[in-house]
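J.: So here's final-v2.tsv (TSV, C-alpha atoms).
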chain	number	residue	atom	x	y	z
K	285	MET	CA	10.31	-16.47	-16.90
K	286	ASP	CA	8.46	-17.64	-19.98
K	287	GLU	CA	9.25	-16.83	-23.60
K	288	HIS	CA	6.79	-13.95	-23.65
K	289	GLY	CA	7.58	-12.34	-20.30
K	290	GLU	CA	10.16	-10.39	-18.41
K	291	GLY	CA	12.87	-12.00	-16.34
K	292	ARG	CA	11.81	-13.05	-12.87
K	293	ALA	CA	15.00	-11.70	-11.30
K	294	ALA	CA	16.53	-9.22	-13.72
K	295	PRO	CA	15.41	-6.76	-16.38
K	296	ILE	CA	16.18	-7.67	-19.96
K	297	ALA	CA	19.34	-5.56	-20.22
K	298	ALA	CA	20.90	-7.18	-17.14
K	299	ARG	CA	19.81	-10.63	-18.22
K	300	VAL	CA	21.36	-10.20	-21.65
K	301	HIS	CA	24.69	-9.05	-20.15
K	302	LEU	CA	24.79	-12.01	-17.79
K	303	ALA	CA	23.74	-14.40	-20.55
K	304	HIS	CA	26.68	-13.30	-22.72
K	305	ALA	CA	28.95	-14.13	-19.79
K	306	VAL	CA	27.28	-17.52	-19.33
K	307	VAL	CA	27.81	-18.41	-22.98
K	308	GLN	CA	31.44	-17.27	-22.84
K	309	LYS	CA	32.09	-19.39	-19.75
K	310	LEU	CA	30.61	-22.40	-21.53
K	311	ALA	CA	32.79	-21.67	-24.56
K	312	ASP	CA	35.91	-21.39	-22.39
K	313	ASP	CA	35.14	-24.60	-20.54
K	314	HIS	CA	34.39	-26.60	-23.70
K	315	GLY	CA	37.04	-25.25	-26.05
K	316	VAL	CA	34.56	-23.47	-28.31
K	317	ASP	CA	35.62	-20.55	-30.50
K	318	LEU	CA	32.93	-17.93	-30.82
K	319	LEU	CA	32.43	-14.20	-31.21
K	320	HIS	CA	29.81	-12.14	-29.41
K	321	LEU	CA	27.74	-9.91	-31.68
K	322	LYS	CA	25.35	-7.00	-31.28
K	323	GLY	CA	23.90	-5.74	-28.00
K	324	PRO	CA	26.54	-5.27	-25.29
K	325	ALA	CA	29.17	-6.73	-27.63
K	326	VAL	CA	29.02	-3.64	-29.86
K	327	LEU	CA	32.11	-1.48	-29.43
K	328	PRO	CA	31.69	2.15	-28.26
K	329	GLY	CA	30.68	4.60	-30.96
K	330	LEU	CA	29.18	2.04	-33.31
K	331	ARG	CA	25.63	2.24	-32.07
K	332	ALA	CA	23.31	4.83	-30.56
K	333	GLU	CA	23.62	5.07	-26.78
K	334	GLY	CA	20.85	3.40	-24.88
K	335	ARG	CA	20.08	0.76	-27.51
K	336	GLN	CA	19.25	-2.53	-25.85
K	337	SER	CA	19.20	-6.06	-27.12
K	338	SER	CA	16.62	-8.58	-26.02
K	339	ASP	CA	18.71	-11.63	-26.80
K	340	VAL	CA	22.26	-12.86	-27.11
K	341	ASP	CA	23.82	-13.30	-30.54
K	342	VAL	CA	26.98	-15.30	-31.02
K	343	LEU	CA	28.83	-16.42	-34.13
K	344	VAL	CA	30.39	-19.83	-33.51
K	345	ARG	CA	33.19	-21.43	-35.48
K	346	PRO	CA	31.03	-23.86	-37.50
K	347	SER	CA	33.20	-26.88	-36.71
K	348	HIS	CA	32.66	-26.14	-32.99
K	349	LEU	CA	28.86	-25.98	-33.21
K	350	SER	CA	28.11	-29.41	-31.76
K	351	ARG	CA	30.37	-28.70	-28.79
K	352	LEU	CA	28.57	-25.43	-28.12
K	353	VAL	CA	25.16	-27.09	-28.42
K	354	ASP	CA	26.17	-29.78	-25.90
K	355	ALA	CA	27.48	-27.09	-23.56
K	356	LEU	CA	24.32	-24.94	-23.82
K	357	GLU	CA	22.04	-27.88	-23.24
K	358	SER	CA	24.12	-29.09	-20.28
K	359	VAL	CA	23.02	-26.02	-18.30
K	360	GLY	CA	19.37	-26.04	-19.31
K	361	PHE	CA	19.15	-24.23	-22.64
K	362	GLU	CA	16.49	-25.77	-24.89
K	363	GLN	CA	16.63	-25.57	-28.66
K	364	ARG	CA	13.54	-23.88	-30.10
K	365	THR	CA	14.38	-23.47	-33.80
K	366	ASP	CA	16.86	-25.31	-35.96
K	367	PHE	CA	19.12	-23.98	-38.66
K	368	SER	CA	16.80	-24.86	-41.53
K	369	THR	CA	13.82	-23.02	-40.01
K	370	GLY	CA	15.58	-20.26	-38.07
K	371	SER	CA	15.80	-17.84	-41.00
K	372	VAL	CA	15.88	-17.37	-44.74
K	373	PHE	CA	19.64	-17.86	-44.69
K	374	ALA	CA	19.57	-21.05	-42.58
K	375	HIS	CA	22.35	-19.38	-40.66
K	376	ALA	CA	21.06	-19.36	-37.08
K	377	ALA	CA	19.17	-21.39	-34.53
K	378	ASN	CA	17.69	-20.33	-31.20
K	379	TRP	CA	17.99	-21.69	-27.68
K	380	TRP	CA	15.87	-20.67	-24.71
K	381	HIS	CA	16.69	-20.65	-20.98
K	382	ASP	CA	14.22	-19.71	-18.24
K	383	ASP	CA	16.81	-17.50	-16.51
K	384	TRP	CA	18.80	-16.22	-19.47
K	385	GLY	CA	16.26	-15.94	-22.26
K	386	TRP	CA	17.14	-16.33	-25.92
K	387	VAL	CA	20.53	-17.17	-27.37
K	388	ASP	CA	20.81	-16.98	-31.15
K	389	VAL	CA	23.65	-19.13	-32.39
K	390	HIS	CA	24.90	-18.15	-35.83
K	391	THR	CA	27.23	-20.23	-37.95
K	392	SER	CA	27.39	-17.56	-40.62
K	393	TRP	CA	26.16	-14.02	-41.10
K	394	PRO	CA	23.54	-13.06	-43.71
K	395	GLY	CA	25.23	-11.52	-46.71
K	396	VAL	CA	28.54	-13.31	-46.31
K	397	THR	CA	28.90	-15.76	-49.17
K	398	ILE	CA	32.28	-17.43	-48.68
K	399	GLU	CA	32.42	-20.78	-46.91
K	400	ALA	CA	31.31	-20.40	-43.28
K	401	GLU	CA	34.41	-21.82	-41.58
K	402	ALA	CA	36.64	-19.53	-43.64
K	403	ALA	CA	34.38	-16.57	-42.92
K	404	TYR	CA	34.62	-17.22	-39.20
K	405	GLY	CA	38.39	-17.27	-39.53
K	406	VAL	CA	38.39	-13.90	-41.27
K	407	LEU	CA	36.17	-12.26	-38.64
K	408	ALA	CA	38.03	-13.88	-35.72
K	409	ARG	CA	41.44	-12.93	-37.09
K	410	THR	CA	41.15	-9.39	-35.77
K	411	ARG	CA	38.92	-10.05	-32.75
K	412	VAL	CA	39.28	-7.96	-29.62
K	413	LEU	CA	38.20	-8.56	-26.05
K	414	ARG	CA	35.30	-6.60	-24.60
K	415	GLU	CA	34.13	-6.83	-21.01
K	416	ILE	CA	30.53	-7.90	-20.70
K	417	ALA	CA	29.26	-8.42	-17.15
K	418	HIS	CA	32.90	-8.09	-16.07
K	419	ARG	CA	33.97	-11.06	-18.18
K	420	ALA	CA	36.30	-10.90	-21.15
K	421	CYS	CA	34.34	-11.77	-24.27
K	422	PRO	CA	35.86	-11.93	-27.77
K	423	VAL	CA	34.09	-9.63	-30.23
K	424	PRO	CA	34.85	-8.58	-33.82
K	425	ASP	CA	37.03	-5.49	-34.20
K	426	HIS	CA	35.65	-2.09	-35.28
K	427	THR	CA	35.83	-2.78	-39.01
K	428	SER	CA	34.19	-6.18	-38.71
K	429	GLN	CA	31.50	-4.83	-36.42
K	430	ARG	CA	30.72	-2.03	-38.85
K	431	LEU	CA	30.20	-4.63	-41.57
K	432	VAL	CA	28.16	-6.93	-39.31
K	433	LEU	CA	25.87	-4.06	-38.32
K	434	VAL	CA	25.39	-2.82	-41.89
K	435	LEU	CA	24.65	-6.35	-43.13
K	436	HIS	CA	22.17	-6.81	-40.30
K	437	SER	CA	20.54	-3.53	-41.24
K	438	ALA	CA	20.32	-4.59	-44.89
K	439	ARG	CA	18.72	-7.85	-43.81
K	440	SER	CA	16.25	-6.01	-41.59
K	441	GLY	CA	15.01	-3.45	-44.10
K	442	GLY	CA	17.25	-0.67	-42.85
K	443	THR	CA	17.96	0.36	-39.28
K	444	SER	CA	19.59	3.31	-37.55
K	445	ASP	CA	22.69	1.12	-37.11
K	446	VAL	CA	23.84	2.31	-40.52
K	447	ASP	CA	24.03	5.91	-39.28
K	448	HIS	CA	26.67	5.01	-36.73
K	449	ALA	CA	28.35	2.04	-38.36
K	450	TRP	CA	28.62	3.48	-41.89
K	451	VAL	CA	27.59	7.11	-42.24
K	452	GLY	CA	29.58	7.99	-39.13
K	453	ALA	CA	32.70	6.23	-40.38
K	454	THR	CA	35.60	8.08	-41.96
K	455	PRO	CA	36.44	7.40	-45.64
K	456	ASP	CA	39.38	5.25	-44.52
K	457	GLU	CA	37.14	3.26	-42.21
K	458	GLN	CA	34.58	2.82	-44.99
K	459	ASP	CA	37.34	1.61	-47.34
K	460	ALA	CA	38.39	-0.95	-44.72
K	461	VAL	CA	34.79	-2.18	-44.48
K	462	ARG	CA	34.59	-2.47	-48.29
K	463	ARG	CA	37.82	-4.49	-48.36
K	464	LEU	CA	36.54	-6.79	-45.65
K	465	ALA	CA	33.22	-7.21	-47.49
K	466	ALA	CA	35.14	-8.17	-50.64
K	467	GLU	CA	37.15	-10.76	-48.72
K	468	LEU	CA	33.94	-12.23	-47.30
K	469	GLY	CA	32.00	-12.08	-50.56
K	470	ALA	CA	29.56	-9.68	-48.96
K	471	GLU	CA	29.71	-6.82	-51.48
K	472	VAL	CA	26.06	-7.10	-52.57
K	473	ALA	CA	24.72	-7.18	-49.02
K	474	LEU	CA	26.94	-4.26	-48.06
K	475	ALA	CA	25.69	-2.36	-51.09
K	476	ALA	CA	22.11	-3.07	-50.02
K	477	GLY	CA	22.88	-1.69	-46.58
K	478	ILE	CA	24.46	1.53	-47.79
K	479	GLY	CA	22.15	2.35	-50.69
K	480	GLU	CA	24.31	1.10	-53.57
K	481	LEU	CA	22.33	-2.03	-54.45
K	482	GLU	CA	21.49	-0.83	-57.96
K	483	LEU	CA	25.17	-1.26	-58.86
K	484	HIS	CA	24.59	-5.03	-58.53
K	485	ARG	CA	21.46	-5.50	-60.66
K	486	ARG	CA	23.02	-8.43	-62.49
K	487	ASP	CA	23.93	-10.32	-59.34
K	488	PRO	CA	21.79	-13.42	-58.62
K	489	SER	CA	21.18	-12.20	-55.07
K	490	TYR	CA	20.07	-8.71	-56.20
K	491	LEU	CA	16.32	-9.50	-55.93
K	492	LEU	CA	16.76	-11.00	-52.49
K	493	TRP	CA	18.48	-7.94	-51.11
K	494	ARG	CA	16.00	-5.65	-52.81
K	495	TYR	CA	13.22	-7.65	-51.13
K	496	PHE	CA	14.89	-7.15	-47.77
K	497	SER	CA	15.42	-3.43	-48.44
K	498	GLU	CA	12.02	-2.59	-49.85
K	499	GLY	CA	9.79	-5.41	-48.65
K	500	GLY	CA	7.24	-7.24	-50.78
K	501	THR	CA	4.89	-10.18	-50.73
K	502	ARG	CA	5.77	-13.73	-49.77
K	503	LEU	CA	5.75	-14.51	-53.47
K	504	ASP	CA	8.34	-11.79	-54.09
K	505	GLU	CA	10.43	-13.26	-51.30
K	506	TRP	CA	10.37	-16.78	-52.73
K	507	ARG	CA	11.07	-15.52	-56.23
K	508	ALA	CA	14.09	-13.65	-54.87
K	509	ARG	CA	15.27	-16.63	-52.86
K	510	LEU	CA	14.97	-18.89	-55.89
K	511	ALA	CA	16.98	-16.46	-58.00
K	512	ALA	CA	19.69	-16.31	-55.32
K	513	ALA	CA	19.92	-20.09	-54.77
K	514	PRO	CA	23.21	-21.03	-56.44
K	515	THR	CA	22.43	-24.60	-57.57
K	516	ILE	CA	19.49	-26.63	-58.89
K	517	ARG	CA	19.62	-28.70	-55.71
K	518	ALA	CA	19.40	-25.54	-53.60
K	519	LYS	CA	16.47	-24.29	-55.68
K	520	ALA	CA	14.67	-27.63	-55.25
K	521	GLU	CA	15.19	-27.55	-51.48
K	522	LEU	CA	13.80	-24.02	-51.38
K	523	LEU	CA	10.67	-25.09	-53.25
K	524	ARG	CA	10.16	-27.92	-50.77
K	525	ALA	CA	10.61	-25.52	-47.88
K	526	ALA	CA	8.17	-23.05	-49.46
K	527	THR	CA	5.32	-25.50	-49.19
K	528	ARG	CA	6.18	-26.74	-45.70
K	529	VAL	CA	4.82	-25.21	-42.50
K	530	ASN	CA	7.58	-24.07	-40.16
K	531	ARG	CA	6.75	-26.21	-37.11
K	532	ASP	CA	9.30	-24.39	-34.95
K	533	HIS	CA	7.75	-20.99	-35.59
K	534	LEU	CA	4.21	-22.30	-35.23
K	535	GLY	CA	5.27	-23.87	-31.92
K	536	MET	CA	6.69	-20.56	-30.69
K	537	GLU	CA	3.52	-18.77	-31.76
K	538	LEU	CA	1.32	-21.24	-29.87
K	539	GLY	CA	3.66	-21.60	-26.91
K	540	ARG	CA	3.64	-25.41	-27.24
K	541	THR	CA	4.26	-28.19	-29.74
K	542	PRO	CA	1.65	-27.90	-32.52
K	543	THR	CA	-0.66	-30.83	-33.15
K	544	GLN	CA	-0.90	-32.49	-36.58
K	545	GLY	CA	-4.29	-30.82	-37.02
K	546	GLU	CA	-2.84	-27.36	-36.30
K	547	VAL	CA	-0.03	-27.95	-38.78
K	548	ARG	CA	-2.56	-29.02	-41.42
K	549	ARG	CA	-4.75	-25.98	-40.76
K	550	ARG	CA	-1.72	-23.68	-41.06
K	551	GLN	CA	-0.75	-25.47	-44.27
K	552	ARG	CA	-4.20	-24.77	-45.72
K	553	LEU	CA	-3.90	-21.11	-44.65
K	554	ARG	CA	-0.56	-20.82	-46.42
K	555	VAL	CA	-2.02	-22.27	-49.60
K	556	ARG	CA	-4.96	-19.85	-49.39
K	557	ARG	CA	-2.59	-16.91	-48.91
K	558	ALA	CA	-0.50	-18.03	-51.87
K	559	VAL	CA	-3.63	-18.31	-54.01
K	560	ALA	CA	-4.72	-14.84	-52.88
K	561	GLU	CA	-1.34	-13.38	-53.78
K	562	VAL	CA	-1.31	-14.99	-57.21
K	563	SER	CA	-4.93	-13.94	-57.80
K	564	GLY	CA	-4.11	-10.42	-56.70
K	565	ARG	CA	-1.22	-10.24	-59.12
K	566	ALA	CA	-3.34	-11.62	-61.93
K	567	ALA	CA	-6.04	-9.04	-61.21
K	568	ARG	CA	-3.53	-6.18	-61.11
K	569	SER	CA	-1.96	-7.39	-64.32
K	570	ALA	CA	-5.35	-7.64	-66.02
K	571	THR	CA	-6.26	-4.15	-64.84
K	572	ARG	CA	-3.02	-2.77	-66.26
K	573	ARG	CA	-3.64	-4.51	-69.59
K	574	TRP	CA	-7.24	-3.22	-69.66
K	575	ARG	CA	-6.05	0.33	-68.97
K	576	ARG	CA	-3.46	0.11	-71.74
K	577	SER	CA	-5.98	-1.22	-74.27
C	61	MET	CA	44.22	-10.48	7.84
C	62	THR	CA	41.40	-12.00	5.74
C	63	ARG	CA	40.69	-10.19	2.50
C	64	TYR	CA	37.46	-10.50	0.52
C	65	ARG	CA	36.84	-10.27	-3.19
C	66	ILE	CA	34.39	-11.33	-5.88
C	67	ALA	CA	34.79	-15.02	-6.77
C	68	ASP	CA	36.46	-15.87	-10.07
C	69	ASP	CA	33.42	-17.56	-11.61
C	70	VAL	CA	31.03	-14.65	-11.14
C	71	ALA	CA	29.59	-12.34	-13.77
C	72	TRP	CA	27.85	-9.20	-12.67
C	73	VAL	CA	26.46	-5.95	-13.89
C	74	SER	CA	25.14	-2.91	-12.05
C	75	GLU	CA	22.49	-0.35	-12.88
C	76	VAL	CA	25.26	2.22	-13.36
C	77	GLU	CA	26.59	0.19	-16.29
C	78	LEU	CA	23.09	-0.35	-17.64
C	79	ASP	CA	22.12	3.31	-17.43
C	80	GLY	CA	19.32	2.18	-15.17
C	81	GLY	CA	17.20	3.49	-12.31
C	82	GLU	CA	18.08	5.46	-9.22
C	83	THR	CA	18.20	2.59	-6.73
C	84	PRO	CA	21.65	1.00	-6.70
C	85	THR	CA	21.15	-2.50	-8.05
C	86	ALA	CA	23.56	-5.25	-9.02
C	87	TYR	CA	22.70	-8.43	-10.88
C	88	LEU	CA	25.13	-11.28	-10.51
C	89	THR	CA	25.43	-14.95	-11.14
C	90	ARG	CA	27.84	-17.82	-10.76
C	91	LEU	CA	28.95	-19.15	-14.10
C	92	PRO	CA	27.75	-21.05	-15.92
C	93	LYS	CA	24.76	-22.43	-14.03
C	94	GLY	CA	23.36	-19.39	-12.25
C	95	PRO	CA	20.87	-18.57	-10.93
C	96	PRO	CA	20.68	-14.78	-11.24
C	97	ILE	CA	20.97	-12.95	-7.91
C	98	LEU	CA	19.73	-9.44	-7.22
C	99	LEU	CA	21.38	-7.05	-4.75
C	100	GLU	CA	19.51	-3.82	-4.19
C	101	GLY	CA	20.23	-0.70	-2.18
C	102	SER	CA	22.88	-1.14	0.49
C	103	GLY	CA	23.46	-4.73	-0.69
C	104	CYS	CA	24.58	-3.33	-4.04
C	105	VAL	CA	26.80	-0.78	-2.30
C	106	VAL	CA	28.54	-3.59	-0.39
C	107	TRP	CA	28.96	-5.47	-3.66
C	108	LEU	CA	30.56	-2.46	-5.34
C	109	ALA	CA	32.95	-2.18	-2.38
C	110	LEU	CA	33.69	-5.88	-2.76
C	111	ALA	CA	34.57	-5.31	-6.43
C	112	ASP	CA	37.68	-3.45	-5.27
C	113	GLY	CA	38.43	-6.14	-2.69
C	114	GLY	CA	39.69	-5.59	0.83
C	115	THR	CA	39.54	-6.53	4.47
C	116	LEU	CA	36.26	-6.37	6.34
C	117	ASP	CA	37.28	-3.02	7.80
C	118	GLU	CA	38.04	-1.68	4.34
C	119	LEU	CA	34.72	-2.96	2.97
C	120	VAL	CA	32.83	-1.41	5.88
C	121	GLY	CA	34.70	1.85	5.39
C	122	ALA	CA	34.04	1.93	1.64
C	123	THR	CA	30.38	1.08	2.10
C	124	ALA	CA	29.97	3.78	4.74
C	125	ALA	CA	31.63	6.34	2.48
C	126	MET	CA	29.49	5.39	-0.52
C	127	SER	CA	26.23	5.35	1.42
C	128	GLY	CA	26.91	8.37	3.61
C	129	THR	CA	26.53	6.50	6.90
C	130	SER	CA	28.86	5.83	9.81
C	131	VAL	CA	31.05	2.76	10.11
C	132	GLU	CA	29.50	1.90	13.48
C	133	GLU	CA	25.98	1.96	12.05
C	134	ILE	CA	26.61	-0.55	9.29
C	135	ARG	CA	29.47	-2.77	10.47
C	136	ASP	CA	27.28	-5.68	11.62
C	137	ASP	CA	25.07	-5.62	8.53
C	138	VAL	CA	28.03	-5.53	6.16
C	139	GLU	CA	29.72	-8.37	8.01
C	140	THR	CA	26.55	-10.49	7.83
C	141	LEU	CA	26.05	-9.80	4.13
C	142	VAL	CA	29.68	-10.53	3.25
C	143	ASP	CA	29.44	-13.82	5.16
C	144	GLN	CA	26.32	-14.74	3.19
C	145	LEU	CA	27.96	-13.85	-0.11
C	146	VAL	CA	30.88	-16.11	0.79
C	147	ILE	CA	28.53	-18.95	1.77
C	148	ILE	CA	26.65	-18.83	-1.57
C	149	GLY	CA	29.97	-18.73	-3.39
C	150	VAL	CA	29.87	-15.35	-5.10
C	151	ALA	CA	32.53	-13.85	-2.81
C	152	ARG	CA	35.65	-15.49	-1.49
C	153	GLU	CA	38.16	-15.07	1.27
C	154	ASP	CA	41.87	-14.96	0.48
As structure tokens, how would this structure be written, given the file I've shared?
T.:
Amino acid sequence: MDEHGEGRAAPIAARVHLAHAVVQKLADDHGVDLLHLKGPAVLPGLRAEGRQSSDVDVLVRPSHLSRLVDALESVGFEQRTDFSTGSVFAHAANWWHDDWGWVDVHTSWPGVTIEAEAAYGVLARTRVLREIAHRACPVPDHTSQRLVLVLHSARSGGTSDVDHAWVGATPDEQDAVRRLAAELGAEVALAAGIGELELHRRDPSYLLWRYFSEGGTRLDEWRARLAAAPTIRAKAELLRAATRVNRDHLGMELGRTPTQGEVRRRQRLRVRRAVAEVSGRAARSATRRWRRS
Amino acid sequence: MTRYRIADDVAWVSEVELDGGETPTAYLTRLPKGPPILLEGSGCVVWLALADGGTLDELVGATAAMSGTSVEEIRDDVETLVDQLVIIGVARED
């Protein structure tokens, strides 16, 4: 199987189930603490029947990450993105296996703001075992899964997960999710997921979550990310990243390692897009001023 | 009397659990190195019988009941398949 095709021996759903079991076996054998998320790890009633995942998501205890990486790579998984390029939140990296497909390894979950090791401890504290491919896999309990699904929905611009994970919850269950979100520092992200974001207009991460909820241009995204970055150092790192081409993503797009020339061409394209966005804004602004005058 | 069961280091899933197609299909693998193995049709039925464990006679009987055939008709095929599953390590004898 290649990264763009179906499994050679199993459909995606079967492959994902077996891949969860593979990762759990590796975790057991190497003393790695992790929780399985989404897809077949979702507990009954928290997601529409028939929903399928195309990859495996796990949340690893951050201090166990290097052990998990060694274990994954010992059986043929290859790292395709790293934590700095995997996502806005630098929270996940991806590994690929020709038989098992994608495994997304998370060290934290978007929206959770307390320290990652402590956050793992909170989510693992109430873990339960769920059979996936007839293997016992630790997964977050109902309350934690509701929060994980709502935060994922908030990050993804809204998904039907909220209907089951939040709207379908009883008031007591919703209160439990709010308490957990408070313990994890995830109140703003939860609010974004359940339509209460406007209550957090003064929060530094407000713009970021609004961007995720409502969309916007790349410029809007970077403005929001800058506002949410907690320190000057973090803001400076973001600005550096903003002008850098993501080699991992370009590589995945091309299906091979990009050449220096391809990276340079993509860099020029990014600059052109940025100029177009700024020009577009300037033009819109000028039009508004002209109409007012 | 030899009893057969699924080996401890095997993960598997069937179309029934995946809400899949009409042909009985099981996907299995030895953990953690694989590779994935596909058992379709009567092979899957034997696997599902193996999931409950049992002697060869019990496996043949369960397979015959599940597939609506007679014990005599399928005994040799079931025995051959179970032997192969043991050889590749996904089933074991106790």
J.: Could you tell me which residues of chain K sit within 12 Å of chain C when counting all atoms listed in the file, and give me the result as an NGL selection string?
T.: :K and (285 or 291-314 or 323-324 or 333-337 or 355-361 or 381-385 or 415-421)
J.: Please provide the set of residues having any atom within 10 Å of Ala111 (chain C), restricted to only C-alpha atoms, with same-chain residues fewer than 6 positions apart removed, written as JSON, numbers by chain.
T.: {"C": [64, 65, 66, 67, 72, 105, 119, 151]}
J.: What does the distance from CA of Val326 (chain K) to CA of Pro455 (chain K) come to in Å, to one decimal?
T.: 20.6 Å
J.: Quick one: everything within 10 Å of Arg135 (chain C), counting all atoms listed in the file, minus sequence neighbours fewer than 6 positions away in the same chain. Send it as a PyMOL selection string.
T.: chain C and resi 116-117+119-121+123-124
J.: CA of Gln363 (chain K) to CA of Trp380 (chain K): how many Å, to one decimal?
T.: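 Interatomic distance, CA of Gln363 (chain K) to CA of Trp380 (chain K): 6.3 Å.
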J.: Check the smallest atom-to-atom distance from each of K:Glu521, K:Glu457, K:Asp445, K:Glu399 to His426 (chain K) using only C-alpha atoms, then report the winner.
T.: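 Looking at the shortest contact to His426 (chain K), the residue is K:Glu457.
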J.: I'd like the neighbourhood of Glu546 (chain K) as a list in words, where a residue qualifies if any of its atoms comes within 12 Å (using all atoms listed in the file), though same-chain residues fewer than 3 positions away should be ignored.
T.: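 These residues fall inside the cut-off: Val529, Asn530, Arg531, Leu534, Gly535, Glu537, Leu538, Arg540, Thr541, Pro542, Thr543, Arg549, Arg550, Gln551, Arg552 and Leu553 of chain K.
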J.: Got time to write the residues from that selection, C-alpha atoms, as a PDB file, in the coordinates of the input?
T.:
ATOM      1  CA  VAL K 529       4.820 -25.210 -42.500  1.00  0.00           C
ATOM      2  CA  ASN K 530       7.580 -24.070 -40.160  1.00  0.00           C
ATOM      3  CA  ARG K 531       6.750 -26.210 -37.110  1.00  0.00           C
ATOM      4  CA  LEU K 534       4.210 -22.300 -35.230  1.00  0.00           C
ATOM      5  CA  GLY K 535       5.270 -23.870 -31.920  1.00  0.00           C
ATOM      6  CA  GLU K 537       3.520 -18.770 -31.760  1.00  0.00           C
ATOM      7  CA  LEU K 538       1.320 -21.240 -29.870  1.00  0.00           C
ATOM      8  CA  ARG K 540       3.640 -25.410 -27.240  1.00  0.00           C
ATOM      9  CA  THR K 541       4.260 -28.190 -29.740  1.00  0.00           C
ATOM     10  CA  PRO K 542       1.650 -27.900 -32.520  1.00  0.00           C
ATOM     11  CA  THR K 543      -0.660 -30.830 -33.150  1.00  0.00           C
ATOM     12  CA  ARG K 549      -4.750 -25.980 -40.760  1.00  0.00           C
ATOM     13  CA  ARG K 550      -1.720 -23.680 -41.060  1.00  0.00           C
ATOM     14  CA  GLN K 551      -0.750 -25.470 -44.270  1.00  0.00           C
ATOM     15  CA  ARG K 552      -4.200 -24.770 -45.720  1.00  0.00           C
ATOM     16  CA  LEU K 553      -3.900 -21.110 -44.650  1.00  0.00           C
TER      17      LEU K 553
END
J.: I'd like the interatomic distance between CA of Ala377 (chain K) and CA of Leu468 (chain K), to a tenth of an Å.
T.: 21.6 Å
J.: Applying 9 Å and only C-alpha atoms, which residues near Leu330 (chain K) remain after dropping the ones on its own chain fewer than 6 positions away? List them as a list in words.
T.: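 Everything that qualifies: His426, Gln429, Arg430, Leu433, Asp445, Val446, Asp447, His448, Ala449, Trp450, Gly452 and Ala453 of chain K.
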